[in-house]
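S.K.: Hey, dropping run_16.csv in here, CSV, C-alpha atoms and all ligand atoms:
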chain,number,residue,atom,x,y,z
A,13,MET,CA,155.6,87.6,139.9
A,14,GLN,CA,158.6,89.7,138.8
A,15,ALA,CA,157.5,92.6,141.1
A,16,ILE,CA,157.0,90.2,144.0
A,17,LEU,CA,160.5,88.8,143.6
A,18,ASP,CA,162.2,92.2,143.1
A,19,ARG,CA,160.5,93.4,146.3
A,20,ILE,CA,161.7,90.3,148.2
A,21,ALA,CA,165.3,90.8,146.9
A,22,ALA,CA,165.2,94.4,148.0
A,23,ASP,CA,163.8,93.5,151.4
A,24,MET,CA,166.5,90.8,151.9
A,25,ALA,CA,169.3,93.3,151.1
A,26,LEU,CA,168.2,95.2,154.2
A,27,VAL,CA,168.2,92.3,156.7
A,28,THR,CA,171.1,92.6,159.1
A,29,ASP,CA,170.8,89.2,160.8
A,30,ARG,CA,172.0,87.1,157.9
A,31,GLY,CA,172.9,83.9,159.8
A,32,LYS,CA,176.3,82.2,159.7
A,33,VAL,CA,178.0,80.3,156.9
A,34,ALA,CA,178.8,76.6,157.5
A,35,THR,CA,182.4,76.2,158.6
A,36,TYR,CA,182.8,72.4,158.9
A,37,ILE,CA,183.4,72.2,155.1
A,38,PRO,CA,186.3,74.5,154.4
A,39,GLU,CA,185.2,75.5,150.9
A,40,LEU,CA,181.8,76.6,152.3
A,41,ALA,CA,183.4,78.6,155.1
A,42,ARG,CA,184.9,80.9,152.5
A,43,GLN,CA,181.4,82.1,151.4
A,44,SER,CA,180.0,85.5,152.4
A,45,THR,CA,176.5,86.1,153.8
A,46,ALA,CA,176.0,89.0,151.4
A,47,PRO,CA,174.4,87.2,148.4
A,48,PHE,CA,170.8,86.5,148.1
A,49,GLY,CA,169.0,85.0,145.1
A,50,ILE,CA,165.5,83.7,144.3
A,51,ALA,CA,163.9,82.0,141.3
A,52,VAL,CA,160.4,80.7,140.6
A,53,ALA,CA,160.0,78.1,137.8
A,54,LEU,CA,156.5,77.9,136.4
A,55,PRO,CA,154.9,74.9,134.6
A,56,GLY,CA,156.0,75.3,131.0
A,57,GLY,CA,159.5,76.2,132.2
A,58,GLN,CA,159.3,80.0,132.4
A,59,VAL,CA,161.6,81.2,135.2
A,60,VAL,CA,161.1,84.5,137.1
A,61,GLN,CA,164.1,85.5,139.1
A,62,ALA,CA,165.7,88.3,141.2
A,63,GLY,CA,168.9,89.0,143.2
A,64,ASP,CA,171.9,86.7,142.8
A,65,SER,CA,169.8,84.1,141.0
A,66,ALA,CA,172.5,83.4,138.4
A,67,THR,CA,175.3,82.6,140.8
A,68,GLY,CA,176.1,79.0,141.3
A,69,PHE,CA,176.2,77.4,144.8
A,70,SER,CA,176.6,73.8,145.9
A,71,ILE,CA,173.2,72.3,146.5
A,72,GLN,CA,174.5,70.0,149.3
A,73,SER,CA,171.5,68.3,151.0
A,74,ILE,CA,169.1,69.3,148.3
A,75,SER,CA,170.7,66.5,146.3
A,76,LYS,CA,169.0,64.1,148.7
A,77,VAL,CA,165.7,64.8,147.0
A,78,PHE,CA,167.1,63.8,143.6
A,79,THR,CA,168.8,60.6,144.9
A,80,LEU,CA,165.6,59.7,146.7
A,81,ALA,CA,163.7,60.0,143.4
A,82,ILE,CA,166.3,57.8,141.7
A,83,ALA,CA,166.3,55.2,144.5
A,84,LEU,CA,162.5,54.9,144.5
A,85,GLY,CA,162.6,54.4,140.8
A,86,ARG,CA,165.3,51.8,141.1
A,87,LEU,CA,164.2,49.9,144.3
A,88,GLY,CA,160.5,50.9,144.8
A,89,ASP,CA,159.2,50.2,148.3
A,90,GLN,CA,162.2,47.9,149.0
A,91,LEU,CA,164.0,51.2,149.9
A,92,TRP,CA,161.9,51.4,153.1
A,93,THR,CA,163.7,48.4,154.5
A,94,ARG,CA,166.8,50.6,154.7
A,95,VAL,CA,165.4,53.9,155.9
A,96,GLY,CA,162.3,55.2,157.6
A,97,ARG,CA,159.8,57.9,156.9
A,98,GLU,CA,159.5,59.8,160.1
A,99,PRO,CA,160.8,63.3,161.0
A,100,SER,CA,163.9,63.1,163.1
A,101,GLY,CA,163.8,66.0,165.5
A,102,HIS,CA,167.6,65.9,165.5
A,103,ALA,CA,170.4,67.7,163.7
A,104,PHE,CA,171.1,66.8,160.1
A,105,ASN,CA,174.3,64.9,161.0
A,106,SER,CA,173.2,63.4,164.3
A,107,ILE,CA,174.2,59.9,165.2
A,108,LEU,CA,172.1,59.7,168.4
A,109,GLN,CA,169.0,58.1,166.9
A,110,LEU,CA,170.9,55.6,164.8
A,111,GLU,CA,172.1,53.8,167.9
A,112,HIS,CA,168.5,53.6,169.4
A,113,GLU,CA,167.0,52.5,166.1
A,114,ASN,CA,169.6,49.8,165.1
A,115,GLY,CA,171.2,51.6,162.3
A,116,ILE,CA,168.0,52.4,160.3
A,117,PRO,CA,168.0,56.1,159.8
A,118,ARG,CA,164.7,58.0,160.5
A,119,ASN,CA,164.3,59.3,156.9
A,120,PRO,CA,166.1,59.8,153.6
A,121,LEU,CA,166.6,63.5,154.0
A,122,ILE,CA,168.9,63.5,157.0
A,123,ASN,CA,172.6,62.6,156.4
A,124,ALA,CA,172.4,59.0,157.7
A,125,GLY,CA,169.3,58.3,155.6
A,126,ALA,CA,170.7,59.9,152.5
A,127,ILE,CA,173.9,57.9,152.9
A,128,ALA,CA,171.8,54.7,153.1
A,129,VAL,CA,170.0,55.9,149.9
A,130,THR,CA,173.2,56.5,148.0
A,131,ASP,CA,174.5,53.2,149.2
A,132,ALA,CA,171.4,51.5,147.9
A,133,ILE,CA,171.7,53.1,144.4
A,134,LEU,CA,175.4,52.2,144.3
A,135,ALA,CA,174.6,48.4,144.5
A,136,GLY,CA,176.3,46.8,141.5
A,137,HIS,CA,177.4,50.2,140.1
A,138,GLN,CA,180.5,52.3,140.1
A,139,PRO,CA,180.4,55.8,141.9
A,140,ARG,CA,181.0,57.3,138.4
A,141,GLU,CA,177.9,55.7,137.0
A,142,VAL,CA,175.7,56.7,139.9
A,143,LEU,CA,177.0,60.3,139.7
A,144,GLY,CA,176.4,60.2,136.0
A,145,GLU,CA,172.9,59.1,136.5
A,146,LEU,CA,172.3,61.8,139.1
A,147,LEU,CA,173.6,64.5,136.7
A,148,ARG,CA,171.5,63.1,133.9
A,149,PHE,CA,168.4,63.2,136.1
A,150,ILE,CA,169.0,66.8,137.2
A,151,ARG,CA,169.9,68.0,133.7
A,152,LEU,CA,166.8,66.4,132.3
A,153,ALA,CA,164.6,67.9,135.1
A,154,ALA,CA,166.1,71.3,134.6
A,155,GLU,CA,166.4,71.0,130.8
A,156,ASP,CA,169.9,72.3,131.1
A,157,ASP,CA,173.1,70.4,130.4
A,158,ASP,CA,175.3,73.0,132.0
A,159,ILE,CA,175.1,71.5,135.5
A,160,HIS,CA,178.2,70.0,137.0
A,161,ILE,CA,179.9,68.9,140.2
A,162,ASN,CA,182.2,71.3,141.9
A,163,LYS,CA,185.3,69.2,142.4
A,164,SER,CA,186.9,71.5,145.0
A,165,VAL,CA,183.8,71.5,147.2
A,166,ALA,CA,183.7,67.7,146.9
A,167,ALA,CA,187.4,67.3,147.8
A,168,SER,CA,187.0,69.8,150.7
A,169,GLU,CA,184.1,67.8,152.2
A,170,GLN,CA,185.8,64.5,151.6
A,171,ALA,CA,188.8,65.7,153.6
A,172,THR,CA,186.6,66.6,156.6
A,173,ALA,CA,183.9,63.9,156.3
A,174,HIS,CA,184.6,62.3,159.7
A,175,ARG,CA,181.0,62.5,160.9
A,176,ASN,CA,179.5,61.1,157.8
A,177,ILE,CA,182.1,58.3,157.7
A,178,ALA,CA,181.1,57.6,161.3
A,179,LEU,CA,177.4,57.4,160.3
A,180,ALA,CA,178.2,55.1,157.5
A,181,GLU,CA,180.4,52.8,159.6
A,182,PHE,CA,177.7,52.7,162.3
A,183,MET,CA,175.2,51.6,159.7
A,184,ALA,CA,177.7,49.0,158.4
A,185,ALA,CA,177.9,47.6,161.9
A,186,HIS,CA,174.1,47.0,161.7
A,187,GLY,CA,174.3,45.5,158.3
A,188,ASN,CA,172.7,48.6,156.7
A,189,LEU,CA,175.6,49.5,154.4
A,190,LYS,CA,176.4,47.3,151.4
A,191,ASN,CA,179.5,49.1,150.1
A,192,PRO,CA,182.7,50.1,151.8
A,193,ALA,CA,182.0,53.3,153.8
A,194,ALA,CA,184.7,55.1,151.8
A,195,LEU,CA,183.0,54.3,148.5
A,196,THR,CA,179.6,55.4,149.6
A,197,ILE,CA,180.8,58.6,151.3
A,198,GLY,CA,183.0,59.4,148.3
A,199,THR,CA,179.9,59.2,146.1
A,200,TYR,CA,177.8,61.1,148.7
A,201,VAL,CA,180.2,64.1,149.0
A,202,HIS,CA,180.2,64.4,145.2
A,203,GLN,CA,176.4,64.4,145.0
A,204,CYS,CA,176.3,67.2,147.6
A,205,ALA,CA,178.8,69.2,145.5
A,206,VAL,CA,176.5,69.5,142.5
A,207,GLU,CA,176.5,73.2,141.7
A,208,MET,CA,173.4,75.1,140.4
A,209,THR,CA,172.1,78.6,140.3
A,210,CYS,CA,168.7,79.4,141.8
A,211,ALA,CA,167.2,79.5,138.2
A,212,GLN,CA,168.6,76.1,137.5
A,213,LEU,CA,167.5,74.6,140.8
A,214,ALA,CA,164.0,76.0,140.5
A,215,ARG,CA,163.7,74.4,137.1
A,216,ALA,CA,165.1,71.1,138.4
A,217,GLY,CA,162.4,71.1,141.0
A,218,LEU,CA,159.6,71.3,138.5
A,219,PHE,CA,159.2,67.5,138.2
A,220,LEU,CA,157.8,67.6,141.8
A,221,VAL,CA,155.1,70.2,140.9
A,222,GLY,CA,153.2,67.5,139.1
A,223,THR,CA,151.0,69.4,136.7
A,224,GLN,CA,150.9,69.9,132.9
A,225,GLY,CA,154.0,71.5,131.5
A,226,CYS,CA,156.3,69.9,134.1
A,227,PRO,CA,158.7,67.1,133.3
A,228,ARG,CA,157.2,63.7,134.0
A,229,LEU,CA,160.2,61.9,135.6
A,230,VAL,CA,158.3,60.2,138.4
A,231,SER,CA,154.7,59.0,138.9
A,232,PRO,CA,152.1,61.3,140.5
A,233,ALA,CA,151.9,58.9,143.5
A,234,ARG,CA,155.7,59.3,144.0
A,235,ILE,CA,155.5,63.0,143.7
A,236,ARG,CA,153.0,63.2,146.5
A,237,ARG,CA,155.2,61.0,148.7
A,238,ILE,CA,158.4,62.9,148.0
A,239,ASN,CA,156.6,66.1,148.8
A,240,ALA,CA,155.3,64.6,152.0
A,241,LEU,CA,158.8,63.7,153.1
A,242,MET,CA,160.1,67.1,152.2
A,243,MET,CA,157.3,68.7,154.3
A,244,MET,CA,158.0,66.6,157.3
A,245,CYS,CA,161.8,66.1,157.1
A,246,GLY,CA,163.3,68.5,154.6
A,247,HIS,CA,164.6,71.0,157.2
A,248,TYR,CA,165.7,68.5,159.8
A,249,ASP,CA,164.8,69.6,163.3
A,250,GLY,CA,163.6,72.9,161.8
A,251,SER,CA,161.0,71.2,159.6
A,252,GLY,CA,158.1,72.1,161.9
A,253,GLU,CA,159.2,75.7,161.9
A,254,PHE,CA,159.4,75.8,158.1
A,255,ALA,CA,156.0,74.2,157.7
A,256,TYR,CA,154.6,76.8,160.2
A,257,ARG,CA,156.2,79.8,158.5
A,258,VAL,CA,156.1,78.7,154.9
A,259,GLY,CA,153.7,75.8,154.5
A,260,LEU,CA,155.4,74.2,151.5
A,261,PRO,CA,157.4,71.0,151.1
A,262,GLY,CA,161.0,72.1,151.1
A,263,LYS,CA,164.6,70.9,151.2
A,264,SER,CA,167.5,72.9,152.5
A,265,GLY,CA,171.2,72.5,152.0
A,266,VAL,CA,174.1,73.7,154.1
A,267,GLY,CA,175.4,75.7,151.1
A,268,GLY,CA,172.5,78.0,151.8
A,269,GLY,CA,170.0,76.8,149.2
A,270,ILE,CA,166.4,75.9,149.7
A,271,LEU,CA,164.1,74.2,147.1
A,272,ALA,CA,160.4,74.5,147.9
A,273,ILE,CA,157.5,73.0,145.9
A,274,ALA,CA,154.1,74.7,145.6
A,275,PRO,CA,152.2,71.7,144.3
A,276,GLY,CA,150.5,72.3,141.0
A,277,ARG,CA,151.9,75.8,140.8
A,278,ALA,CA,155.6,76.3,140.9
A,279,ALA,CA,159.1,75.2,142.1
A,280,ILE,CA,161.0,77.9,144.0
A,281,ALA,CA,164.7,78.1,144.8
A,282,ALA,CA,166.2,80.6,147.2
A,283,TRP,CA,169.9,80.9,148.2
A,284,SER,CA,171.8,82.9,150.8
A,285,PRO,CA,174.8,81.2,152.5
A,286,GLY,CA,174.1,82.4,156.1
A,287,LEU,CA,172.4,79.6,158.1
A,288,ASN,CA,170.1,79.7,161.1
A,289,ALA,CA,170.8,77.6,164.3
A,290,ARG,CA,169.2,74.6,162.6
A,291,GLY,CA,171.5,74.7,159.6
A,292,ASN,CA,168.9,76.1,157.2
A,293,SER,CA,169.4,79.3,155.1
A,294,ALA,CA,168.2,82.2,157.3
A,295,LEU,CA,167.3,84.6,154.4
A,296,GLY,CA,166.2,81.7,152.2
A,297,THR,CA,163.5,80.8,154.8
A,298,LEU,CA,162.5,84.4,155.3
A,299,ALA,CA,162.2,84.9,151.5
A,300,MET,CA,160.0,81.8,151.1
A,301,GLU,CA,157.8,83.2,153.9
A,302,HIS,CA,157.4,86.5,152.1
A,303,LEU,CA,156.7,84.8,148.8
A,304,VAL,CA,154.0,82.6,150.2
A,305,ARG,CA,152.4,85.6,151.9
A,306,ALA,CA,152.4,87.4,148.6
A,307,THR,CA,151.1,84.5,146.5
A,308,GLY,CA,148.9,82.5,148.9
A,309,TRP,CA,150.7,79.4,147.9
A,310,SER,CA,150.9,77.7,151.3
A,311,VAL,CA,149.4,74.2,151.0
A,312,PHE,CA,147.4,75.0,154.1
A,313,GLY,CA,145.6,77.8,152.4
A,401,LIG,N1,177.3,67.6,152.5
A,401,LIG,C1,176.7,68.0,153.7
A,401,LIG,C2,177.0,67.0,154.8
A,401,LIG,O1,176.9,65.8,154.6
A,401,LIG,C3,175.2,68.1,153.5
A,401,LIG,C4,174.5,68.5,154.8
A,401,LIG,C5,173.5,69.6,154.6
A,401,LIG,O2,173.4,70.2,153.5
A,401,LIG,N2,172.7,69.9,155.6
A,401,LIG,O3,177.4,67.3,155.9
For this file, write the structure as structure tokens.
M.R.:
Amino acid sequence: MQAILDRIAADMALVTDRGKVATYIPELARQSTAPFGIAVALPGGQVVQAGDSATGFSIQSISKVFTLAIALGRLGDQLWTRVGREPSGHAFNSILQLEHENGIPRNPLINAGAIAVTDAILAGHQPREVLGELLRFIRLAAEDDDIHINKSVAASEQATAHRNIALAEFMAAHGNLKNPAALTIGTYVHQCAVEMTCAQLARAGLFLVGTQGCPRLVSPARIRRINALMMMCGHYDGSGEFAYRVGLPGKSGVGGGILAIAPGRAAIAAWSPGLNARGNSALGTLAMEHLVRATGWSVFG
């Protein structure tokens, strides 16, 4: 595995088309497209890594997987009255479908859906408590207490969160937001600003691998369902392409991270800040493709 990852890191260093960093969050716009890191966490907790795998980055939308797990634990199937389970075919921050579908977002892994999920777990709680629970969940999953929220990234997103506020207010107009939009979005931008390295993120994903030696934080039935949602929806309107090229459940973030799950085998994190046209890490996707080719880990054989 170490040889495979070293080879991938060496190959990625040579790629010239490295995508473009996200610019709508000023703190992310300052990133360079140069870094690339990858880490594979194996059942039992061993981590194999290469490249810039020890550099922290904000996990952004990858946080949606953790809040979904928490929300399902808290609300069970009740959650599905607030959000659907279908791929969207639209950009991560699109408002188009919400109007057609009466304020019920397509799935929990697009912005509108994740905002509804955060709103659901806020019920009766303070943002601080919800963020505390999220950090506890992630730290437990990763067996690492040194995982924090990057306050400047959160503040930077908060200051430019016009679209997300619009999505929240639109859902409020349809009765699908229980808290003031400012409260829900304030919580949401902080969850997105959780910072991890590839090594930490890969370990945090182990609870979705669902085999012996992985933290048992959710039931096997829920693991299957979260993985199904990641496969169908985790890369927005690029989910089909990711399934085609990689064939693993995955979740991307606009900070350039990708978490992919090889069920029963490993959790993989890759990071490179340059994004493709669909807002998914260009090199992260390519690296996952190389890894799956080398390991035969695609769920499609
Ligand atoms: N915090 C980002 C946003 O809401 C997350 C989006 C993403 O990672 N694709 O816009």
S.K.: Within 12 Å of (159.6, 67.7, 141.3) (coordinates as in the file), grab all the protein and nucleic acid residues, counting all atoms listed in the file, and write them out as number ranges by chain.
M.R.: A: 53-55, 74, 77-78, 80-82, 149-150, 152-154, 213-223, 225-240, 242, 261-263, 271-280
S.K.: Could you please determine the separation between atom CA of A:Ala66 and atom CA of A:Ser251 in Å, to one decimal place?
M.R.: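 So the answer is 27.0 Å.
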S.K.: As an exercise, work out the distance from atom CA of A:Ala178 to atom CA of A:Tyr36 in Å and give it to one decimal place.
M.R.: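 Atom-to-atom, atom CA of A:Ala178 to atom CA of A:Tyr36, that is 15.1 Å.
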S.K.: At a cut-off of 7 Å and counting all atoms listed in the file, what residues surround ligand LIG 401 (chain A)? Please answer as a PDB file with C-alpha atoms, in the frame of the given file.
M.R.:
ATOM      1  CA  GLN A  72     174.500  70.000 149.300  1.00  0.00           C
ATOM      2  CA  SER A  73     171.500  68.300 151.000  1.00  0.00           C
ATOM      3  CA  ILE A  74     169.100  69.300 148.300  1.00  0.00           C
ATOM      4  CA  PHE A 104     171.100  66.800 160.100  1.00  0.00           C
ATOM      5  CA  ASN A 105     174.300  64.900 161.000  1.00  0.00           C
ATOM      6  CA  ASN A 123     172.600  62.600 156.400  1.00  0.00           C
ATOM      7  CA  GLU A 169     184.100  67.800 152.200  1.00  0.00           C
ATOM      8  CA  ASN A 176     179.500  61.100 157.800  1.00  0.00           C
ATOM      9  CA  VAL A 201     180.200  64.100 149.000  1.00  0.00           C
ATOM     10  CA  CYS A 204     176.300  67.200 147.600  1.00  0.00           C
ATOM     11  CA  SER A 264     167.500  72.900 152.500  1.00  0.00           C
ATOM     12  CA  GLY A 265     171.200  72.500 152.000  1.00  0.00           C
ATOM     13  CA  VAL A 266     174.100  73.700 154.100  1.00  0.00           C
ATOM     14  CA  GLY A 267     175.400  75.700 151.100  1.00  0.00           C
ATOM     15  CA  GLY A 291     171.500  74.700 159.600  1.00  0.00           C
TER      16      GLY A 291
END
S.K.: May I ask which of the residues A:Met243, A:Ala205, A:Leu110, A:Cys210 is the closest one to A:Phe182, counting only C-alpha atoms?
M.R.: A:Leu110
S.K.: Counting only C-alpha atoms, which residue out of A:Arg148, A:Arg257, A:Arg290, A:Lys76 sits closest to A:Tyr200?
M.R.: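 Smallest separation from A:Tyr200 among the options: A:Lys76.
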